[in-house]
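The structure file run-v2.cif is reproduced below (mmCIF, C-alpha atoms and all ligand atoms).
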data_run
loop_
_atom_site.label_atom_id
_atom_site.label_comp_id
_atom_site.auth_asym_id
_atom_site.auth_seq_id
_atom_site.Cartn_x
_atom_site.Cartn_y
_atom_site.Cartn_z
CA MET A 1 -6.77 10.25 10.35
CA LEU A 2 -4.09 10.52 7.69
CA THR A 3 -1.52 7.74 7.30
CA LEU A 4 1.44 7.99 4.95
CA ASN A 5 4.37 5.72 4.13
CA TYR A 6 7.77 7.31 3.58
CA THR A 7 10.60 5.19 2.20
CA TYR A 8 14.23 5.95 3.00
CA ARG A 9 17.53 4.28 2.25
CA LEU A 10 19.32 2.70 5.20
CA TYR A 11 23.09 2.27 5.52
CA PRO A 12 23.70 -0.32 8.25
CA ASP A 13 27.31 -1.26 9.11
CA ALA A 14 28.59 -4.81 8.59
CA LYS A 15 27.62 -5.94 12.09
CA GLN A 16 24.11 -4.54 11.84
CA GLN A 17 23.71 -6.05 8.38
CA SER A 18 24.58 -9.55 9.56
CA LEU A 19 22.25 -9.11 12.55
CA MET A 20 19.39 -8.01 10.32
CA LYS A 21 20.00 -10.94 7.97
CA GLU A 22 19.86 -13.30 10.96
CA TRP A 23 16.58 -11.73 12.05
CA LEU A 24 15.10 -12.20 8.60
CA GLU A 25 16.11 -15.85 8.61
CA THR A 26 14.63 -16.46 12.07
CA CYS A 27 11.43 -14.65 11.10
CA ARG A 28 11.21 -16.84 8.02
CA GLN A 29 11.47 -19.98 10.16
CA VAL A 30 8.80 -18.71 12.56
CA TYR A 31 6.54 -17.95 9.59
CA ASN A 32 7.07 -21.40 8.07
CA HIS A 33 6.54 -23.15 11.40
CA SER A 34 3.26 -21.29 12.00
CA LEU A 35 2.12 -22.09 8.47
CA ARG A 36 2.96 -25.78 9.00
CA GLU A 37 0.78 -25.82 12.13
CA LEU A 38 -2.07 -24.18 10.24
CA LYS A 39 -1.81 -26.55 7.27
CA ASP A 40 -1.61 -29.64 9.49
CA TRP A 41 -4.70 -28.59 11.37
CA LEU A 42 -6.61 -27.95 8.14
CA ALA A 43 -5.50 -31.29 6.65
CA SER A 44 -6.61 -33.15 9.76
CA ARG A 45 -10.11 -31.68 9.42
CA LYS A 46 -10.59 -32.81 5.84
CA CYS A 47 -11.22 -36.50 6.70
CA PRO A 48 -14.89 -37.36 7.47
CA ILE A 49 -15.43 -38.03 11.16
CA ASP A 50 -17.23 -41.37 10.74
CA ARG A 51 -14.76 -43.18 8.52
CA CYS A 52 -11.08 -43.60 7.85
CA SER A 53 -9.44 -42.03 4.88
CA LEU A 54 -6.47 -43.58 3.12
CA GLU A 55 -4.77 -40.19 2.76
CA ARG A 56 -5.78 -38.20 5.80
CA GLU A 57 -6.37 -39.19 9.41
CA TYR A 58 -7.14 -37.24 12.53
CA ILE A 59 -3.47 -36.79 13.30
CA ILE A 60 -4.55 -33.86 15.43
CA GLN A 61 -7.21 -34.67 18.01
CA ALA A 62 -10.73 -33.46 17.36
CA ASN A 63 -10.80 -31.21 20.40
CA VAL A 64 -7.65 -29.25 19.50
CA PRO A 65 -8.74 -25.72 18.49
CA PHE A 66 -7.70 -23.92 15.32
CA PRO A 67 -4.20 -22.36 15.57
CA SER A 68 -5.43 -18.78 15.45
CA TYR A 69 -3.23 -15.68 15.60
CA GLN A 70 -3.84 -15.30 19.33
CA ARG A 71 -2.89 -18.92 20.08
CA GLN A 72 0.26 -18.83 17.97
CA GLN A 73 1.29 -15.52 19.46
CA ASP A 74 0.72 -16.85 22.98
CA ALA A 75 2.93 -19.84 22.14
CA LEU A 76 5.91 -17.60 21.32
CA PRO A 77 7.19 -17.08 24.93
CA LYS A 78 7.23 -20.85 25.46
CA ALA A 79 9.06 -21.36 22.18
CA LYS A 80 11.65 -18.78 23.25
CA LYS A 81 12.63 -20.96 26.24
CA LYS A 82 13.10 -23.95 23.94
CA PHE A 83 14.89 -22.02 21.18
CA PRO A 84 17.01 -19.21 22.70
CA ARG A 85 17.63 -17.83 19.19
CA LEU A 86 14.07 -16.49 19.16
CA ALA A 87 14.71 -14.50 22.33
CA GLU A 88 17.41 -12.50 20.53
CA ILE A 89 14.74 -10.88 18.33
CA HIS A 90 12.46 -8.08 19.47
CA SER A 91 9.24 -9.73 20.68
CA GLN A 92 6.92 -7.53 18.62
CA VAL A 93 8.85 -8.33 15.43
CA LEU A 94 8.03 -12.01 15.93
CA GLN A 95 4.41 -11.19 16.68
CA THR A 96 4.04 -9.18 13.47
CA THR A 97 5.57 -12.10 11.56
CA VAL A 98 2.78 -14.37 12.83
CA ARG A 99 0.29 -11.57 12.15
CA ARG A 100 1.51 -11.44 8.55
CA LEU A 101 0.70 -15.12 8.07
CA HIS A 102 -2.81 -14.68 9.48
CA ASP A 103 -3.43 -11.59 7.36
CA THR A 104 -2.63 -13.68 4.27
CA TRP A 105 -4.83 -16.50 5.54
CA GLU A 106 -7.76 -14.16 6.22
CA ASN A 107 -7.36 -12.56 2.79
CA PHE A 108 -7.35 -16.02 1.24
CA GLN A 109 -10.67 -16.79 2.93
CA LYS A 110 -12.19 -13.56 1.64
CA ARG A 111 -10.92 -13.78 -1.94
CA GLU A 112 -10.69 -17.57 -2.25
CA PHE A 113 -7.24 -17.40 -3.79
CA GLY A 114 -3.72 -16.69 -2.57
CA PHE A 115 -3.18 -19.39 0.05
CA PRO A 116 -0.05 -18.54 2.11
CA ARG A 117 3.08 -20.30 0.90
CA PHE A 118 6.22 -21.50 2.57
CA LYS A 119 9.10 -19.05 2.16
CA LYS A 120 12.36 -20.40 0.82
CA TYR A 121 15.74 -19.18 2.01
CA GLY A 122 16.10 -15.52 1.01
CA GLN A 123 12.42 -15.05 0.17
CA PHE A 124 11.54 -13.38 3.45
CA LYS A 125 12.62 -9.80 2.89
CA SER A 126 11.18 -7.60 5.61
CA PHE A 127 10.30 -7.33 9.27
CA VAL A 128 8.21 -4.79 11.15
CA PHE A 129 8.53 -2.86 14.40
CA PRO A 130 4.85 -2.06 15.03
CA GLN A 131 5.16 0.40 17.89
CA PHE A 132 7.38 3.27 19.05
CA LYS A 133 7.12 5.18 22.31
CA THR A 134 9.29 8.05 21.11
CA ASN A 135 10.33 9.28 17.69
CA PRO A 136 13.05 6.85 16.48
CA VAL A 137 14.37 9.24 13.82
CA THR A 138 16.93 11.69 15.16
CA GLY A 139 18.99 13.64 12.66
CA TRP A 140 20.63 11.12 10.37
CA LYS A 141 20.05 8.12 12.59
CA LEU A 142 17.21 5.69 13.00
CA LYS A 143 17.07 4.02 16.39
CA LEU A 144 15.86 0.43 16.07
CA PRO A 145 15.30 -1.64 19.23
CA LYS A 146 17.95 -4.35 19.76
CA ILE A 147 19.76 -3.29 16.54
CA GLY A 148 20.89 0.17 17.55
CA ASP A 149 21.42 3.40 15.66
CA VAL A 150 21.38 2.82 11.90
CA ARG A 151 22.47 5.49 9.45
CA ILE A 152 19.52 6.72 7.37
CA ASN A 153 19.37 9.04 4.37
CA LEU A 154 16.56 11.32 5.51
CA HIS A 155 16.16 12.93 2.09
CA ARG A 156 12.81 14.42 3.11
CA PRO A 157 11.98 15.32 6.70
CA ILE A 158 9.02 13.86 8.53
CA PRO A 159 6.39 16.63 8.41
CA ASP A 160 5.34 18.48 11.55
CA GLY A 161 2.32 17.10 13.35
CA PHE A 162 3.02 13.53 12.28
CA ILE A 163 4.09 10.73 14.60
CA VAL A 164 5.92 7.54 13.66
CA LYS A 165 3.58 4.58 13.99
CA GLN A 166 5.58 1.70 12.62
CA VAL A 167 8.82 0.93 10.83
CA ARG A 168 9.34 -1.79 8.23
CA VAL A 169 12.91 -2.76 7.39
CA LEU A 170 13.29 -4.01 3.80
CA SER A 171 16.17 -5.84 2.19
CA LYS A 172 16.66 -5.47 -1.55
CA ALA A 173 19.02 -6.84 -4.20
CA ARG A 174 19.93 -9.97 -2.18
CA SER A 175 20.37 -8.07 1.08
CA THR A 176 23.02 -5.73 -0.36
CA GLN A 177 20.71 -2.72 -0.13
CA TRP A 178 18.51 -1.84 2.80
CA TYR A 179 15.46 0.40 2.91
CA VAL A 180 13.03 1.41 5.57
CA VAL A 181 9.33 2.24 5.19
CA ILE A 182 8.26 4.58 7.96
CA THR A 183 4.51 4.79 8.54
CA ILE A 184 3.54 8.20 9.88
CA GLU A 185 0.16 9.29 11.12
CA SER A 186 -1.54 12.57 11.83
CA ASP A 187 -4.88 13.47 13.32
CA VAL A 188 -6.17 15.48 10.37
CA SER A 189 -9.09 14.75 8.09
CA VAL A 190 -8.66 15.01 4.33
CA PRO A 191 -11.68 16.00 2.24
CA LYS A 192 -12.73 13.80 -0.67
CA PHE A 193 -12.20 15.42 -4.05
CA SER A 194 -15.09 15.78 -6.42
CA PRO A 195 -14.67 16.18 -10.20
CA HIS A 196 -13.60 19.69 -11.12
CA GLY A 197 -11.58 21.63 -13.68
CA ARG A 198 -10.44 20.15 -16.96
CA ALA A 199 -11.31 16.47 -17.48
CA ILE A 200 -9.25 14.03 -19.55
CA GLY A 201 -9.53 10.38 -20.45
CA ILE A 202 -6.44 8.24 -20.93
CA ASP A 203 -5.89 5.02 -22.79
CA LEU A 204 -2.98 2.73 -21.96
CA GLY A 205 -1.39 0.64 -24.66
CA LEU A 206 1.73 -1.11 -25.87
CA GLU A 207 2.29 0.86 -29.08
CA ARG A 208 2.14 4.13 -27.13
CA PHE A 209 2.30 3.92 -23.37
CA LEU A 210 -0.40 6.49 -22.88
CA THR A 211 -2.77 8.42 -25.13
CA VAL A 212 -4.79 11.39 -23.93
CA ASP A 213 -8.15 12.12 -25.56
CA ASP A 214 -6.78 15.37 -27.06
CA GLY A 215 -4.40 13.30 -29.21
CA SER A 216 -1.17 13.81 -27.25
CA SER A 217 0.70 10.66 -26.31
CA VAL A 218 3.64 9.33 -24.31
CA GLU A 219 5.99 6.80 -25.88
CA ARG A 220 6.62 3.53 -24.10
CA PRO A 221 10.17 3.16 -22.80
CA LYS A 222 11.26 -0.48 -22.86
CA PHE A 223 12.91 -0.85 -19.46
CA LEU A 224 13.45 -4.58 -19.47
CA LYS A 225 13.86 -5.09 -23.22
CA SER A 226 16.63 -2.51 -23.56
CA LEU A 227 18.66 -4.19 -20.81
CA LYS A 228 17.71 -7.74 -21.73
CA SER A 229 21.03 -8.58 -23.37
CA LYS A 230 22.98 -7.24 -20.40
CA LEU A 231 20.79 -9.21 -18.03
CA ARG A 232 21.29 -12.34 -20.09
CA LEU A 233 25.04 -11.88 -20.00
CA LEU A 234 25.07 -11.50 -16.22
CA GLN A 235 22.79 -14.51 -15.80
CA MET A 236 25.07 -16.60 -18.03
CA ARG A 237 28.07 -15.59 -15.96
CA GLY A 238 26.26 -16.80 -12.85
CA ALA A 239 25.28 -20.06 -14.52
CA ARG A 240 28.94 -20.87 -15.24
CA CYS A 241 29.90 -20.65 -11.53
CA GLN A 242 29.64 -23.49 -9.12
CA LYS A 243 26.31 -23.18 -7.31
CA ARG A 244 26.49 -21.52 -3.87
CA SER A 245 30.17 -20.61 -4.35
CA ASN A 246 31.43 -17.08 -3.60
CA ASN A 247 31.63 -16.16 -7.28
CA TRP A 248 28.13 -17.50 -7.85
CA GLU A 249 26.83 -15.32 -5.01
CA LYS A 250 28.59 -12.26 -6.53
CA ALA A 251 27.01 -12.99 -9.91
CA GLN A 252 23.57 -13.30 -8.30
CA VAL A 253 24.05 -9.91 -6.64
CA THR A 254 24.84 -8.23 -9.98
CA VAL A 255 21.70 -9.78 -11.53
CA ALA A 256 19.56 -8.66 -8.58
CA ASP A 257 21.11 -5.18 -8.79
CA LEU A 258 20.15 -4.86 -12.45
CA HIS A 259 16.57 -5.98 -11.75
CA HIS A 260 16.43 -3.42 -8.94
CA HIS A 261 17.69 -0.71 -11.32
CA ILE A 262 15.07 -1.63 -13.96
CA ALA A 263 12.27 -1.50 -11.36
CA ASN A 264 13.52 1.87 -10.09
CA THR A 265 13.65 3.49 -13.54
CA ARG A 266 10.17 2.17 -14.32
CA LYS A 267 8.71 3.58 -11.11
CA ASP A 268 10.42 6.91 -11.74
CA PHE A 269 8.89 7.08 -15.23
CA HIS A 270 5.44 6.21 -13.86
CA LEU A 271 5.60 8.91 -11.22
CA LYS A 272 6.81 11.56 -13.66
CA THR A 273 4.08 10.66 -16.17
CA ALA A 274 1.42 10.79 -13.46
CA HIS A 275 2.62 14.23 -12.34
CA SER A 276 2.62 15.55 -15.91
CA LEU A 277 -1.00 14.37 -16.30
CA CYS A 278 -1.94 16.18 -13.09
CA ASP A 279 -0.31 19.32 -14.53
CA GLN A 280 -2.70 19.14 -17.49
CA ALA A 281 -5.99 18.29 -15.81
CA GLN A 282 -7.86 18.17 -12.53
CA THR A 283 -10.14 15.24 -13.37
CA ILE A 284 -8.63 12.08 -14.83
CA PHE A 285 -10.41 8.98 -16.05
CA ALA A 286 -8.63 5.74 -16.89
CA GLU A 287 -9.61 2.24 -17.85
CA ASP A 288 -10.04 -0.23 -15.00
CA LEU A 289 -7.62 -2.71 -16.58
CA ASN A 290 -7.27 -6.26 -15.37
CA ALA A 291 -3.50 -6.04 -14.90
CA VAL A 292 -3.16 -9.61 -13.66
CA GLY A 293 -5.00 -10.96 -16.70
CA LEU A 294 -2.87 -8.88 -19.09
CA ASN A 295 0.31 -10.16 -17.46
CA ARG A 296 -0.74 -13.71 -18.29
CA GLY A 297 -1.76 -13.03 -21.86
CA MET A 298 -0.01 -13.31 -25.20
CA LEU A 299 1.98 -10.06 -24.85
CA CYS A 300 2.72 -10.75 -21.19
CA LYS A 301 6.39 -9.75 -21.28
CA ASP A 302 5.61 -6.32 -22.75
CA CYS A 303 2.69 -5.84 -20.34
CA VAL A 304 4.88 -6.73 -17.36
CA ASP A 305 7.54 -4.34 -18.66
CA ALA A 306 4.99 -1.51 -19.01
CA SER A 307 3.45 -2.43 -15.62
CA PHE A 308 0.03 -0.83 -16.13
CA GLY A 309 -1.19 -1.93 -12.71
CA GLN A 310 1.61 -0.07 -10.94
CA PHE A 311 1.04 3.00 -13.09
CA LEU A 312 -2.70 3.15 -12.32
CA SER A 313 -2.19 2.78 -8.58
CA LEU A 314 0.59 5.41 -8.61
CA LEU A 315 -1.60 7.73 -10.71
CA GLU A 316 -4.39 7.34 -8.16
CA TRP A 317 -1.98 8.25 -5.38
CA VAL A 318 -0.50 11.24 -7.24
CA CYS A 319 -4.00 12.53 -8.05
CA TRP A 320 -4.96 12.29 -4.39
CA LYS A 321 -1.79 14.12 -3.40
CA ARG A 322 -2.28 16.86 -5.97
CA GLY A 323 -5.98 17.33 -5.25
CA ALA A 324 -7.17 15.94 -8.58
CA TYR A 325 -10.11 13.60 -9.06
CA PHE A 326 -9.34 10.13 -10.38
CA ALA A 327 -11.79 7.41 -11.41
CA ARG A 328 -11.60 4.12 -13.26
CA VAL A 329 -14.17 3.26 -15.89
CA ASN A 330 -15.34 0.00 -17.42
CA PRO A 331 -12.73 -0.95 -20.08
CA SER A 332 -14.84 -3.31 -22.17
CA GLY A 333 -15.14 -2.27 -25.80
CA THR A 334 -13.57 1.20 -25.46
CA SER A 335 -11.52 0.67 -28.61
CA GLN A 336 -14.43 -0.91 -30.52
CA THR A 337 -16.90 1.93 -30.06
CA CYS A 338 -17.06 5.15 -32.03
CA PRO A 339 -16.84 8.13 -29.65
CA GLU A 340 -18.83 10.32 -32.06
CA CYS A 341 -21.92 8.19 -32.77
CA LYS A 342 -21.43 5.33 -30.26
CA ALA A 343 -21.66 2.76 -33.07
CA TYR A 344 -19.90 -0.58 -32.63
CA VAL A 345 -16.84 -0.62 -34.92
CA SER A 346 -15.15 -4.01 -34.83
CA LYS A 347 -11.43 -4.00 -35.66
CA PRO A 348 -8.49 -6.32 -34.95
CA LEU A 349 -5.59 -5.21 -32.73
CA SER A 350 -3.36 -4.74 -35.77
CA GLU A 351 -5.62 -2.02 -37.19
CA ARG A 352 -4.30 1.20 -35.69
CA GLU A 353 -6.77 3.64 -37.24
CA HIS A 354 -10.36 4.13 -36.16
CA LEU A 355 -12.63 4.74 -39.16
CA CYS A 356 -16.34 4.76 -38.41
CA PRO A 357 -18.52 3.46 -41.30
CA GLU A 358 -21.59 5.13 -39.75
CA CYS A 359 -20.44 8.73 -39.34
CA GLY A 360 -17.05 8.68 -41.11
CA TYR A 361 -15.12 9.80 -38.03
CA SER A 362 -11.43 8.97 -38.41
CA VAL A 363 -8.77 9.19 -35.71
CA HIS A 364 -5.96 7.09 -34.20
CA ARG A 365 -7.32 3.99 -32.50
CA ASP A 366 -5.89 4.84 -29.04
CA CYS A 367 -7.18 8.40 -29.24
CA ALA A 368 -10.69 7.13 -30.00
CA ALA A 369 -10.43 4.78 -27.01
CA ALA A 370 -9.26 7.65 -24.77
CA ARG A 371 -12.22 9.79 -25.88
CA MET A 372 -14.53 6.87 -25.13
CA VAL A 373 -12.96 6.56 -21.64
CA LEU A 374 -13.58 10.27 -21.06
CA LEU A 375 -17.23 9.99 -22.16
CA ARG A 376 -17.80 6.99 -19.92
CA GLY A 377 -16.10 8.76 -17.02
CA LEU A 378 -18.26 11.86 -17.45
CA GLU A 379 -21.37 9.70 -17.69
CA SER A 380 -20.47 7.99 -14.43
CA VAL A 381 -20.04 11.31 -12.65
CA GLU A 382 -23.56 12.63 -12.28
CA CYS A 383 -22.79 16.19 -11.22
CA CYS A 384 -20.55 16.77 -14.22
CA ARG A 385 -23.19 15.97 -16.77
CA THR A 386 -24.49 19.50 -16.82
CA GLU A 387 -21.07 21.10 -16.94
CA TYR A 388 -19.69 19.17 -19.88
CA SER A 389 -21.36 18.67 -23.20
CA VAL A 390 -20.39 15.81 -25.48
CA ARG A 391 -18.21 18.25 -27.40
CA GLN A 392 -16.20 18.82 -24.22
CA THR A 393 -16.64 22.47 -23.62
CA LEU A 394 -15.30 23.49 -20.30
CA VAL A 395 -16.97 26.26 -18.35
CA VAL A 396 -14.62 27.93 -15.94
CA PRO A 397 -16.11 30.60 -13.71
CA VAL A 398 -14.07 33.79 -13.81
CA ASP A 399 -14.80 36.77 -11.57
CA ASN A 400 -16.14 38.89 -14.41
CA GLY A 401 -18.54 36.42 -15.98
CA GLU A 402 -18.04 33.06 -17.66
CA SER A 403 -15.62 32.12 -20.38
CA LYS A 404 -15.96 29.08 -22.59
CA VAL A 405 -12.77 27.37 -23.60
CA PRO A 406 -12.77 24.21 -25.70
CA VAL A 407 -10.80 21.48 -24.04
CA GLY A 408 -8.19 20.03 -26.32
CA SER A 409 -4.97 21.93 -26.14
CA ARG A 410 -2.73 22.25 -23.14
CA SER A 411 -2.16 25.92 -23.71
CA ALA A 412 -5.91 26.63 -23.48
CA GLY A 413 -6.06 25.19 -19.98
CA GLY A 414 -2.83 26.86 -18.92
CA GLU A 415 -3.86 30.23 -20.33
CA ASN A 416 -7.14 29.99 -18.51
CA LEU A 417 -5.43 29.02 -15.26
CA GLY A 418 -3.23 32.08 -15.63
CA LYS A 419 -6.33 34.21 -16.24
CA ARG A 420 -7.92 32.82 -13.09
CA ARG A 421 -4.77 33.40 -11.06
CA ARG A 422 -4.51 36.98 -12.36
CA ALA A 423 -8.18 37.58 -11.56
CA ARG A 424 -7.63 36.24 -8.04
CA ASN A 425 -4.54 38.40 -7.56
CA ALA A 426 -6.42 41.47 -8.77
CA ALA A 427 -9.22 40.72 -6.30
CA LEU A 428 -6.72 40.46 -3.46
ZN ZN A 501 -19.17 6.97 -35.71
#
Please express the file's structure as structure tokens.
Amino acid sequence: MLTLNYTYRLYPDAKQQSLMKEWLETCRQVYNHSLRELKDWLASRKCPIDRCSLEREYIIQANVPFPSYQRQQDALPKAKKKFPRLAEIHSQVLQTTVRRLHDTWENFQKREFGFPRFKKYGQFKSFVFPQFKTNPVTGWKLKLPKIGDVRINLHRPIPDGFIVKQVRVLSKARSTQWYVVITIESDVSVPKFSPHGRAIGIDLGLERFLTVDDGSSVERPKFLKSLKSKLRLLQMRGARCQKRSNNWEKAQVTVADLHHHIANTRKDFHLKTAHSLCDQAQTIFAEDLNAVGLNRGMLCKDCVDASFGQFLSLLEWVCWKRGAYFARVNPSGTSQTCPECKAYVSKPLSEREHLCPECGYSVHRDCAAARMVLLRGLESVECCRTEYSVRQTLVVPVDNGESKVPVGSRSAGGENLGKRRRARNAAL
């Protein structure tokens, strides 16, 4: 089973927009109400049964069961009679809203962090239609139940053999832009990729965004920093307006628009970088960075701007799509170890050159870290041990024997690929 998410831009008219905003607001209230029930029940169970607590009492009787997803979902039809506003929304949209709360709650129990929170006005930004009998996308229109035909920019068609499973409507930039995430599914099995072809290790950093073990690097564009002054100006304009006035709302939209633009350019850069890495190699190793920890550290603003977590997850996705193998390796001490002799070389973050006192190996710090990532990656992949020596010599089988090409330059890989393609063409 193969499931993919395709995102498209939606262009609802004014009436549809106000309807969708109303739905979001009602969904938010349903979410908050369900969360209140859950929290009350939990609070009532915290007081010991044989004594009274000064803070908590059994405000809910002892025999009342836990407000599970099933119970809260079953309570929706009754609530609709009491609050006719709920009946205006598609029933499954309300059910998925309750489901969303319980998904968060169940995740919280598993991970022991991330307790669901109440959503403030404007914080609830999406709702889901979980089921479609027929394909809702026809030409340039998306047919949503109870909303009607909404104009969609179908910039890439839904591939043959796929059916639409669910549709999530997203509001962005303070509900001035609308998107839709269409989940499509097909009954095909995708094989798992094993390590093959040229292998590279990459090191992510703030001085250079990315360094490959062969020494090539990608500079770090400063998405937020370059537009910081503009953002500040727009925020100041908003601060001068009277809160909740029309002009204030306009100023908030411009700020949200700029944030949306920054996020878009960053994602575009990440995708392009990931594709260029997949052009170079078929096996990619990267550090398993703790992105959350980095975003709380001393250089948090730069780390958030570089968004390493997003890049790694996008790289994983691009590798899967392009048929490349991707693996994360243990990041501890990659920049403190010499890739040549494995000696521990302690150096502060300000020292940008790796100079090993044991073997005298000297290279840029990030490059040494990338080589270390590659070595660790190759060590972790058992089957590759025989194919690659420590000196990274790649053995590519060609029809008329074997050719050994040192990995290091892009042209070597490309030349070899061409040779393979020519050999294949000649065989055909
Ligand atoms: Zn050394």
Grab me every residue within 8 Å of ligand ZN 501 (chain A), counting all atoms listed in the file, and send it over as JSON, numbers by chain. {"A": [337, 338, 339, 340, 341, 342, 343, 345, 355, 356, 357, 358, 359, 360, 361]}
Return the single residue from A:Thr3, A:Ser346, A:Gln73, A:Gln131 that is closest to Arg168 of chain A, with distances computed using only C-alpha atoms.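 Checking each candidate against Arg168 of chain A, we get A:Gln131 as the closest.
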Leaving out Ser229 of chain A and any residue of its chain fewer than 6 positions from it, which residues lie within 12 Å of it when counting all atoms listed in the file, given as number ranges by chain? A: 223, 235-236, 255, 258
With C-alpha atoms kept, could you save the residues just selected as a PDB file, in the coordinates of the input?
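Below is the file part.pdb, written as the result:
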ATOM      1  CA  PHE A 223      12.910  -0.850 -19.460  1.00  0.00           C
ATOM      2  CA  GLN A 235      22.790 -14.510 -15.800  1.00  0.00           C
ATOM      3  CA  MET A 236      25.070 -16.600 -18.030  1.00  0.00           C
ATOM      4  CA  VAL A 255      21.700  -9.780 -11.530  1.00  0.00           C
ATOM      5  CA  LEU A 258      20.150  -4.860 -12.450  1.00  0.00           C
TER       6      LEU A 258
END
Extract, using all atoms listed in the file, all DNA, RNA and protein residues at most 8 Å from segment 103-105 of chain A, discarding same-chain residues fewer than 5 positions from it, and format them as an mmCIF file with C-alpha atoms, keeping the file's coordinate frame.
data_model
loop_
_atom_site.group_PDB
_atom_site.id
_atom_site.type_symbol
_atom_site.label_atom_id
_atom_site.label_comp_id
_atom_site.auth_asym_id
_atom_site.auth_seq_id
_atom_site.Cartn_x
_atom_site.Cartn_y
_atom_site.Cartn_z
ATOM 1 C CA GLY A 114 -3.720 -16.690 -2.570
ATOM 2 C CA PHE A 115 -3.180 -19.390 0.050
ATOM 3 C CA PRO A 116 -0.050 -18.540 2.110
#
Could you check which of A:Arg99, A:His155, A:Lys172, A:Arg352 is closest to Asn264 of chain A, using all atoms listed in the file?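 Nearest to Asn264 of chain A: A:Lys172.
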For Trp317 of chain A, work out the shell of residues within 12 Å, counting all atoms listed in the file and skipping chain neighbours fewer than 3 positions away, then give it as number ranges by chain. A: 4-5, 270-271, 274-275, 278, 310-314, 320-327
Output for the residues just chosen: C-alpha atoms as a compact mmCIF listing (two decimals), in the coordinates of the input:
# COMPACT_ATOMS: atom_id res chain seq x y z
CA LEU A 4 1.44 7.99 4.95
CA ASN A 5 4.37 5.72 4.13
CA HIS A 270 5.44 6.21 -13.86
CA LEU A 271 5.60 8.91 -11.22
CA ALA A 274 1.42 10.79 -13.46
CA HIS A 275 2.62 14.23 -12.34
CA CYS A 278 -1.94 16.18 -13.09
CA GLN A 310 1.61 -0.07 -10.94
CA PHE A 311 1.04 3.00 -13.09
CA LEU A 312 -2.70 3.15 -12.32
CA SER A 313 -2.19 2.78 -8.58
CA LEU A 314 0.59 5.41 -8.61
CA TRP A 320 -4.96 12.29 -4.39
CA LYS A 321 -1.79 14.12 -3.40
CA ARG A 322 -2.28 16.86 -5.97
CA GLY A 323 -5.98 17.33 -5.25
CA ALA A 324 -7.17 15.94 -8.58
CA TYR A 325 -10.11 13.60 -9.06
CA PHE A 326 -9.34 10.13 -10.38
CA ALA A 327 -11.79 7.41 -11.41
Go ahead and fit an axis-aligned box to every listed atom of segment 136-144 of chain A plus 6 Å each side, and pass me the centre and edge lengths in Å, one decimal, as AutoDock Vina command-line options.
--center_x 16.8 --center_y 7.0 --center_z 13.4 --size_x 19.6 --size_y 25.2 --size_z 18.1
Within 9 Å of Leu277 of chain A, counting all atoms listed in the file, which residues show up once you throw out same-chain ones fewer than 5 positions away? Write them as a compact mmCIF listing (two decimals) with C-alpha atoms, in the frame of the given file, please.
# COMPACT_ATOMS: atom_id res chain seq x y z
CA ILE A 200 -9.25 14.03 -19.55
CA LYS A 272 6.81 11.56 -13.66
CA GLN A 282 -7.86 18.17 -12.53
CA ILE A 284 -8.63 12.08 -14.83
CA LEU A 315 -1.60 7.73 -10.71
CA CYS A 319 -4.00 12.53 -8.05
Mind giving me the straight-line distance from atom CA of Arg71 of chain A to atom CA of Leu24 of chain A in Å, one decimal?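 For atom CA of Arg71 of chain A relative to atom CA of Leu24 of chain A, the distance reads 22.4 Å.
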Minimum-distance residue to Phe162 of chain A, chosen among A:Phe118, A:Tyr344, A:Tyr6, A:Trp248 (using only C-alpha atoms):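 The closest residue to Phe162 of chain A is A:Tyr6.
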Calculated over only C-alpha atoms, which of the candidates A:Ile262, A:Ala368, A:Cys241, A:Leu10 has the smallest distance to Asp149 of chain A?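 Using only C-alpha atoms, Asp149 of chain A sits closest to A:Leu10.
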Who sits within 9 Å of Lys120 of chain A, only C-alpha atoms, same chain under 3 positions skipped, as a ChimeraX atom specification: /A:28,123-124
Those same residues - C-alpha atoms - I'd like them written as a tab-separated table (two decimals), in the frame of the given file.
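Result saved to out-v8.tsv:
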chain	number	residue	atom	x	y	z
A	28	ARG	CA	11.21	-16.84	8.02
A	123	GLN	CA	12.42	-15.05	0.17
A	124	PHE	CA	11.54	-13.38	3.45
note - atom CA of Val93 of chain A and atom CA of Trp23 of chain A are separated by 9.1 Å
In terms of the shortest atom-to-atom distance over all atoms listed in the file, which of A:Ala251, A:Ile152, A:Tyr31, A:Pro136 is closest to Arg232 of chain A? A:Ala251
Which one is closest to Asp257 of chain A: A:Gly161, A:Thr26, A:Trp41, A:Leu234? Count all atoms listed in the file. A:Leu234
So the first atom is atom CA of Ala75 of chain A and the second is atom CA of Val167 of chain A; what is the distance between them in Å, to one decimal place?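 Separating atom CA of Ala75 of chain A from atom CA of Val167 of chain A is a distance of 24.4 Å.
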